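Coordinates from upload24.cif are shown below (mmCIF, C-alpha atoms).
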data_protein
#
loop_
_atom_site.label_atom_id
_atom_site.label_comp_id
_atom_site.auth_asym_id
_atom_site.auth_seq_id
_atom_site.Cartn_x
_atom_site.Cartn_y
_atom_site.Cartn_z
CA MET A 1 48.71 185.82 24.53
CA LYS A 2 45.50 185.08 22.62
CA ARG A 3 44.54 188.76 22.73
CA ALA A 4 47.97 189.83 21.48
CA PHE A 5 47.63 187.35 18.63
CA THR A 6 44.23 188.78 17.65
CA ILE A 7 45.44 192.40 17.77
CA LEU A 8 48.58 191.62 15.76
CA SER A 9 46.51 189.66 13.22
CA ILE A 10 44.20 192.64 12.69
CA LEU A 11 47.19 194.99 12.30
CA THR A 12 48.79 192.60 9.81
CA ALA A 13 45.55 192.39 7.80
CA LEU A 14 45.37 196.20 7.68
CA LEU A 15 49.00 196.40 6.60
CA LEU A 16 48.41 193.83 3.85
CA ALA A 17 45.37 195.77 2.63
CA TYR A 18 47.41 198.99 2.60
CA GLY A 19 50.22 197.18 0.76
CA LEU A 20 47.77 195.94 -1.87
CA TYR A 21 46.44 199.47 -2.34
CA GLN A 22 49.98 200.83 -2.69
CA ALA A 23 50.96 198.15 -5.19
CA LEU A 24 47.87 198.38 -7.40
CA VAL A 25 46.84 202.04 -7.13
CA VAL A 26 49.60 204.31 -5.82
CA ALA A 27 52.79 202.86 -7.35
CA PRO A 28 53.40 204.26 -10.86
CA THR A 29 53.34 202.01 -13.91
CA GLU A 30 56.80 200.89 -14.99
CA ARG A 31 57.89 202.26 -18.39
CA THR A 32 59.15 199.14 -20.17
CA MET A 33 57.17 196.29 -18.59
CA GLY A 34 53.93 198.09 -17.77
CA ASP A 35 51.52 196.68 -15.20
CA ILE A 36 53.15 193.25 -15.15
CA GLN A 37 55.97 194.80 -13.09
CA ARG A 38 53.49 195.11 -10.18
CA ILE A 39 54.00 191.38 -9.54
CA PHE A 40 57.36 192.46 -8.08
CA TYR A 41 55.52 193.92 -5.02
CA TYR A 42 54.28 190.42 -4.14
CA HIS A 43 56.98 188.18 -5.59
CA VAL A 44 59.97 189.68 -3.75
CA PRO A 45 58.33 190.10 -0.29
CA ASN A 46 57.12 186.48 -0.44
CA ALA A 47 60.66 185.34 -1.37
CA TRP A 48 62.12 187.42 1.47
CA THR A 49 59.65 185.95 3.97
CA ALA A 50 60.41 182.41 2.76
CA PHE A 51 64.14 183.05 3.31
CA CYS A 52 63.46 184.44 6.81
CA LEU A 53 61.33 181.41 7.70
CA PHE A 54 63.99 178.98 6.43
CA THR A 55 66.53 180.88 8.57
CA VAL A 56 64.24 180.47 11.59
CA ASN A 57 64.04 176.77 10.71
CA LEU A 58 67.85 176.58 10.67
CA ILE A 59 68.20 178.31 14.05
CA ALA A 60 65.45 176.16 15.61
CA SER A 61 66.98 172.98 14.16
CA VAL A 62 70.44 173.83 15.54
CA ALA A 63 68.83 174.71 18.88
CA TYR A 64 67.04 171.34 18.88
CA LEU A 65 70.26 169.45 18.07
CA ILE A 66 71.99 171.16 21.01
CA THR A 67 69.22 171.31 23.63
CA LYS A 68 66.72 168.61 22.47
CA LYS A 69 63.90 170.94 23.52
CA VAL A 70 60.47 170.09 22.12
CA LYS A 71 59.65 173.77 21.56
CA ALA A 72 62.65 174.19 19.24
CA ASP A 73 61.56 171.15 17.23
CA ALA A 74 57.98 172.45 17.00
CA LEU A 75 59.23 175.84 15.78
CA ALA A 76 61.41 174.11 13.18
CA VAL A 77 58.39 172.19 11.78
CA ALA A 78 56.19 175.30 11.79
CA SER A 79 58.71 177.56 10.06
CA ALA A 80 59.55 174.94 7.42
CA GLU A 81 55.89 174.39 6.52
CA VAL A 82 55.04 178.09 6.32
CA GLY A 83 58.31 178.73 4.44
CA VAL A 84 57.32 176.15 1.83
CA ILE A 85 54.00 177.97 1.29
CA PHE A 86 55.78 181.29 0.71
CA CYS A 87 58.35 179.61 -1.55
CA THR A 88 55.47 178.03 -3.53
CA ILE A 89 54.09 181.51 -4.16
CA VAL A 90 57.52 182.63 -5.41
CA LEU A 91 57.60 179.68 -7.82
CA VAL A 92 54.05 180.46 -9.03
CA THR A 93 54.27 184.24 -9.40
CA GLY A 94 57.73 184.11 -11.04
CA PRO A 95 56.58 182.17 -14.12
CA ILE A 96 53.40 184.30 -14.35
CA TRP A 97 55.69 187.33 -14.62
CA ALA A 98 58.13 185.54 -16.99
CA ARG A 99 55.52 184.47 -19.57
CA PRO A 100 54.69 187.96 -20.93
CA VAL A 101 58.17 189.42 -20.27
CA TRP A 102 60.49 186.61 -21.40
CA GLY A 103 57.97 184.78 -23.59
CA ILE A 104 58.46 181.54 -21.61
CA TRP A 105 57.07 180.19 -18.34
CA TRP A 106 60.29 178.64 -17.11
CA THR A 107 63.99 178.41 -17.92
CA TRP A 108 66.70 176.39 -16.15
CA ASP A 109 68.41 179.57 -15.00
CA VAL A 110 70.59 179.40 -11.85
CA ARG A 111 68.27 181.58 -9.69
CA LEU A 112 65.16 179.69 -10.76
CA THR A 113 66.75 176.25 -10.45
CA THR A 114 68.27 176.89 -7.01
CA THR A 115 64.87 178.20 -5.81
CA LEU A 116 63.18 175.04 -7.08
CA VAL A 117 65.86 172.92 -5.35
CA LEU A 118 65.30 174.90 -2.12
CA TRP A 119 61.56 174.20 -2.34
CA LEU A 120 62.20 170.49 -2.99
CA ILE A 121 64.59 170.24 0.01
CA TYR A 122 61.98 171.64 2.38
CA VAL A 123 59.18 169.53 0.84
CA ALA A 124 61.45 166.51 1.50
CA TYR A 125 61.89 167.77 5.08
CA LEU A 126 58.10 167.94 5.55
CA VAL A 127 57.59 164.50 3.97
CA LEU A 128 60.18 163.09 6.38
CA ARG A 129 58.37 164.71 9.33
CA ARG A 130 54.99 163.48 8.15
CA PHE A 131 55.71 159.85 7.30
CA SER A 132 58.55 158.78 9.58
CA ASP A 133 57.56 157.56 13.06
CA SER A 134 61.08 156.81 14.23
CA ALA A 135 62.30 158.35 17.48
CA GLN A 136 65.26 159.67 15.49
CA THR A 137 63.07 161.62 13.03
CA PRO A 138 63.45 165.06 14.71
CA VAL A 139 67.25 164.66 14.75
CA LEU A 140 67.39 163.50 11.12
CA ALA A 141 65.07 166.32 10.07
CA ALA A 142 67.18 168.87 11.96
CA VAL A 143 70.32 167.67 10.16
CA LEU A 144 68.49 167.83 6.81
CA ALA A 145 67.37 171.38 7.67
CA VAL A 146 70.96 172.45 8.38
CA PHE A 147 72.09 171.17 4.96
CA GLY A 148 68.96 172.56 3.28
CA ALA A 149 69.64 176.02 4.65
CA LEU A 150 72.93 176.09 2.72
CA ASP A 151 70.84 176.60 -0.41
CA VAL A 152 69.35 179.87 0.92
CA PRO A 153 72.51 182.01 0.42
CA LEU A 154 73.12 180.20 -2.87
CA VAL A 155 69.68 181.31 -4.13
CA TYR A 156 70.17 184.85 -2.84
CA PHE A 157 73.67 185.43 -4.23
CA SER A 158 73.20 183.44 -7.46
CA ILE A 159 72.47 186.60 -9.47
CA TRP A 160 75.86 188.01 -8.43
CA PHE A 161 77.89 184.80 -8.76
CA PHE A 162 76.50 183.52 -12.06
CA ARG A 163 75.31 184.90 -15.38
CA THR A 164 71.56 184.77 -15.07
CA GLN A 165 68.43 185.79 -16.91
CA HIS A 166 66.75 186.79 -13.62
CA PRO A 167 66.45 190.59 -13.13
CA GLN A 168 69.27 192.18 -11.15
CA PRO A 169 68.44 193.91 -7.83
CA VAL A 170 66.87 197.34 -8.25
CA MET A 171 67.96 198.55 -4.82
CA GLY A 172 71.38 199.11 -3.26
CA LYS A 173 74.35 198.77 -5.59
CA GLY A 174 72.31 197.02 -8.28
CA GLY A 175 70.21 200.07 -9.28
CA SER A 176 67.64 202.57 -8.10
CA LEU A 177 63.87 202.53 -7.63
CA ASP A 178 61.29 205.31 -7.96
CA PRO A 179 60.43 206.62 -4.42
CA GLN A 180 56.73 205.69 -4.79
CA MET A 181 57.67 202.23 -6.03
CA LEU A 182 60.14 201.88 -3.17
CA HIS A 183 57.44 202.88 -0.67
CA ALA A 184 54.98 200.31 -2.09
CA PHE A 185 57.68 197.68 -2.05
CA LEU A 186 58.77 198.35 1.55
CA ILE A 187 55.17 198.37 2.79
CA ASN A 188 54.56 194.99 1.18
CA LEU A 189 57.89 193.69 2.50
CA LEU A 190 56.86 194.65 6.02
CA ALA A 191 53.29 193.37 5.54
CA PHE A 192 54.35 189.94 4.27
CA SER A 193 57.07 189.65 6.93
CA CYS A 194 54.43 190.28 9.64
CA PHE A 195 52.00 187.92 7.89
CA GLY A 196 54.68 185.19 7.73
CA ALA A 197 55.45 185.66 11.43
CA MET A 198 51.75 185.47 12.35
CA VAL A 199 51.10 182.34 10.28
CA CYS A 200 54.25 180.74 11.73
CA TRP A 201 53.05 181.60 15.23
CA ALA A 202 49.63 180.03 14.52
CA ARG A 203 51.28 176.93 13.02
CA TYR A 204 53.59 176.66 16.07
CA ARG A 205 50.57 176.74 18.41
CA LEU A 206 48.94 174.05 16.26
CA GLU A 207 52.08 171.91 16.47
CA MET A 208 52.21 172.21 20.27
CA LEU A 209 48.51 171.35 20.51
CA HIS A 210 49.08 168.34 18.25
CA ARG A 211 51.83 167.08 20.52
CA GLU A 212 49.62 167.58 23.58
CA VAL A 213 46.81 165.55 21.98
CA ASP A 214 49.29 162.84 20.89
CA GLU A 215 50.61 162.60 24.44
CA LEU A 216 47.11 162.33 25.89
CA HIS A 217 46.21 159.63 23.34
CA ALA A 218 49.37 157.71 24.27
CA LEU A 219 48.63 158.03 27.99
CA GLU A 220 45.04 156.93 27.42
CA SER A 221 46.09 153.84 25.46
CA LEU A 222 48.67 153.01 28.13
CA ALA A 223 46.03 153.37 30.85
CA GLY A 224 43.72 151.14 28.81
CA THR A 225 46.23 148.31 28.41
CA ASP A 226 48.25 148.70 31.57
CA SER A 227 47.49 150.53 34.78
CA VAL A 228 51.20 151.38 35.26
CA LYS A 229 52.03 154.96 34.31
CA PRO A 230 55.08 155.52 32.09
CA SER A 231 58.20 156.53 33.96
CA MET A 232 59.93 157.91 30.84
CA PRO A 233 58.70 160.88 28.79
CA LEU A 234 56.83 159.75 25.70
CA GLN A 235 58.26 160.21 22.22
CA ARG A 236 55.97 162.63 20.46
CA SER A 237 55.34 162.58 16.76
CA SER A 238 55.26 165.77 14.72
CA ARG A 239 52.78 166.40 11.94
CA MET B 1 45.50 194.36 -21.33
CA ASN B 2 47.26 191.01 -21.43
CA ALA B 3 49.79 192.24 -18.86
CA VAL B 4 46.96 193.21 -16.52
CA LYS B 5 45.52 189.68 -16.76
CA PHE B 6 48.87 188.17 -15.81
CA MET B 7 49.25 190.66 -12.98
CA PHE B 8 45.84 189.82 -11.53
CA ALA B 9 46.54 186.09 -12.01
CA ALA B 10 49.67 186.45 -9.85
CA TYR B 11 47.83 188.39 -7.13
CA ILE B 12 44.89 185.97 -7.11
CA ALA B 13 47.24 182.94 -7.04
CA THR B 14 49.09 184.43 -4.06
CA TRP B 15 45.94 184.95 -2.00
CA LEU B 16 44.45 181.63 -3.10
CA ILE B 17 47.51 179.71 -1.87
CA HIS B 18 47.66 181.66 1.40
CA GLY B 19 43.90 181.29 1.88
CA ILE B 20 43.87 177.54 1.27
CA TYR B 21 46.80 177.05 3.63
CA LEU B 22 45.20 179.18 6.37
CA GLY B 23 42.01 177.15 5.90
CA THR B 24 43.88 173.88 6.48
CA VAL B 25 45.54 175.33 9.61
CA VAL B 26 42.17 176.44 11.03
CA ASN B 27 40.60 173.04 10.22
CA ARG B 28 43.44 171.14 11.89
CA PHE B 29 43.16 173.44 14.91
CA LYS B 30 39.41 172.82 15.25
CA LYS B 31 39.88 169.07 14.86
CA LEU B 32 42.56 168.95 17.55
CA GLN B 33 40.52 171.10 19.93
CA SER B 34 37.53 168.78 19.61
CA GLN B 35 39.85 165.78 20.21
CA LEU B 36 41.25 167.52 23.26
CA LYS B 37 37.71 168.12 24.57
CA GLU B 38 36.83 164.44 24.08
CA LEU B 39 39.98 163.35 25.87
CA GLY B 40 39.18 165.75 28.69
CA LYS B 41 35.74 164.20 29.14
CA LYS B 42 37.15 160.64 29.50
#
Would it be possible to restate this file's structure as structure tokens?
Amino acid sequence: MKRAFTILSILTALLLAYGLYQALVVAPTERTMGDIQRIFYYHVPNAWTAFCLFTVNLIASVAYLITKKVKADALAVASAEVGVIFCTIVLVTGPIWARPVWGIWWTWDVRLTTTLVLWLIYVAYLVLRRFSDSAQTPVLAAVLAVFGALDVPLVYFSIWFFRTQHPQPVMGKGGSLDPQMLHAFLINLLAFSCFGAMVCWARYRLEMLHREVDELHALESLAGTDSVKPSMPLQRSSR
Amino acid sequence: MNAVKFMFAAYIATWLIHGIYLGTVVNRFKKLQSQLKELGKK
């Protein structure tokens, strides 16, 4: 497992390097926006990966609510945290692109606002996981995650449902993309998807290790105060 | 020229955020592994 992780990490790093080369060197300069358009090769793949991770969080949360398995809860925490990081990048790179193109850093446009709300929901989820010690915390967090995930399709489809300043899709029915640009975009999409999966995997392993250490600490303190071993499984916290 | 600065700012910001986050994950991992070792010794 450890070896597979190392090999996949190296492959992901190579893919990311190739993606960077494609985005900065190979992809042609866009006619109207110029080089600033190259932000697209990072902005969109990071947004896509954030959406995928929030979907994993939804599935893991539902699985936890049904099965109460610790692994599902750990995956939910891991995917939410990594998803927030990717969503943060979307919220940082978007305004950097908007400043020279729109002349403003931020506008309360539907796509931008729903993305900010999505980020805030998952930050709230992580705050709940971090600071609540109640035995009910995983259940409450899972319910919050289910409601939070409702914002994902709202963000995605907002440019179709509402009048928005955000650029329309350049692929599919929304428009067309130069083949070299499309290639650079797809490489980065794949690279960041793999990177997101690898970071989520690492964070999941960290979460499981954390729970193991917590359990050992609890057992140690129980052994220190009372020689009787616990007959019930211990409630594990998640950080 | 200005556009290039903004472009590089976005790319640097992306890798800075990912790098800092990966650093915190590695640190937490090391900390937990040392705790696990200590608990194993007891």
Decode the PyMOL selection byres ((chain A) within 9 of (chain B)) for the given file into explicit residues and return them as a PyMOL selection string.
chain A and resi 33-39+42-43+82+85-86+88-90+92-94+96-97+99-101+199+202-203+205-206+209-210+212-213+216-217+220
Got a sec: who's within 12 Å of A:Val127, counting all atoms listed in the file, leaving out chain neighbours fewer than 6 positions off, as a PyMOL selection string?
chain A and resi 77+80-81+84+120-121+133+137+141+144+238-239
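In this model, the gap between atom CA of A:Ile10 and atom CA of A:Val26 comes to 22.5 Å.
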Name every residue that the PyMOL selection byres ((chain A and resi 110) around 9) selects in this structure, writing the answer as a ChimeraX atom specification with chains first and numbers rising.
/A:108-109,111-115,155,158-159,162-166
Residue contacts of A:Leu16 (12 Å, all atoms listed in the file) excluding same-chain residues fewer than 5 positions away, as a PyMOL selection string
(chain A and resi 9-11+21-23+41-42+45+184-196) or (chain B and resi 15)
Edge lengths and centre in Å to one decimal, as JSON, of the axis-aligned box that encloses all listed atoms of stretch 96-103 of chain A with 6 Å added on every side?
{"center_x": 56.9, "center_y": 186.9, "center_z": -19.0, "size_x": 19.1, "size_y": 17.1, "size_z": 21.2}
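The two atoms in question, atom CA of A:Leu150 and atom CA of A:Phe40, are spaced 25.0 Å apart.
Distance annotation: of A:Lys71, A:Tyr125, A:Leu154, A:Cys87, the residue with the minimal separation from A:Met208 is A:Lys71; atom set is only C-alpha atoms.
Separating atom CA of A:Thr6 from atom CA of A:Cys200 is a distance of 14.1 Å.
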Residues picked by the PyMOL selection byres ((chain A and resi 145) around 10) here, as an MDAnalysis selection string?
chainID A and resid 54:55 57:62 76:77 80 121:122 124:125 139:144 146:150
Residues from the last selection, C-alpha atoms, saved as a short mmCIF file (atom, residue, chain, number, x, y, z; two decimals), in the frame of the given file:
data_model
loop_
_atom_site.label_atom_id
_atom_site.label_comp_id
_atom_site.auth_asym_id
_atom_site.auth_seq_id
_atom_site.Cartn_x
_atom_site.Cartn_y
_atom_site.Cartn_z
CA PHE A 54 63.99 178.98 6.43
CA THR A 55 66.53 180.88 8.57
CA ASN A 57 64.04 176.77 10.71
CA LEU A 58 67.85 176.58 10.67
CA ILE A 59 68.20 178.31 14.05
CA ALA A 60 65.45 176.16 15.61
CA SER A 61 66.98 172.98 14.16
CA VAL A 62 70.44 173.83 15.54
CA ALA A 76 61.41 174.11 13.18
CA VAL A 77 58.39 172.19 11.78
CA ALA A 80 59.55 174.94 7.42
CA ILE A 121 64.59 170.24 0.01
CA TYR A 122 61.98 171.64 2.38
CA ALA A 124 61.45 166.51 1.50
CA TYR A 125 61.89 167.77 5.08
CA VAL A 139 67.25 164.66 14.75
CA LEU A 140 67.39 163.50 11.12
CA ALA A 141 65.07 166.32 10.07
CA ALA A 142 67.18 168.87 11.96
CA VAL A 143 70.32 167.67 10.16
CA LEU A 144 68.49 167.83 6.81
CA VAL A 146 70.96 172.45 8.38
CA PHE A 147 72.09 171.17 4.96
CA GLY A 148 68.96 172.56 3.28
CA ALA A 149 69.64 176.02 4.65
CA LEU A 150 72.93 176.09 2.72
#
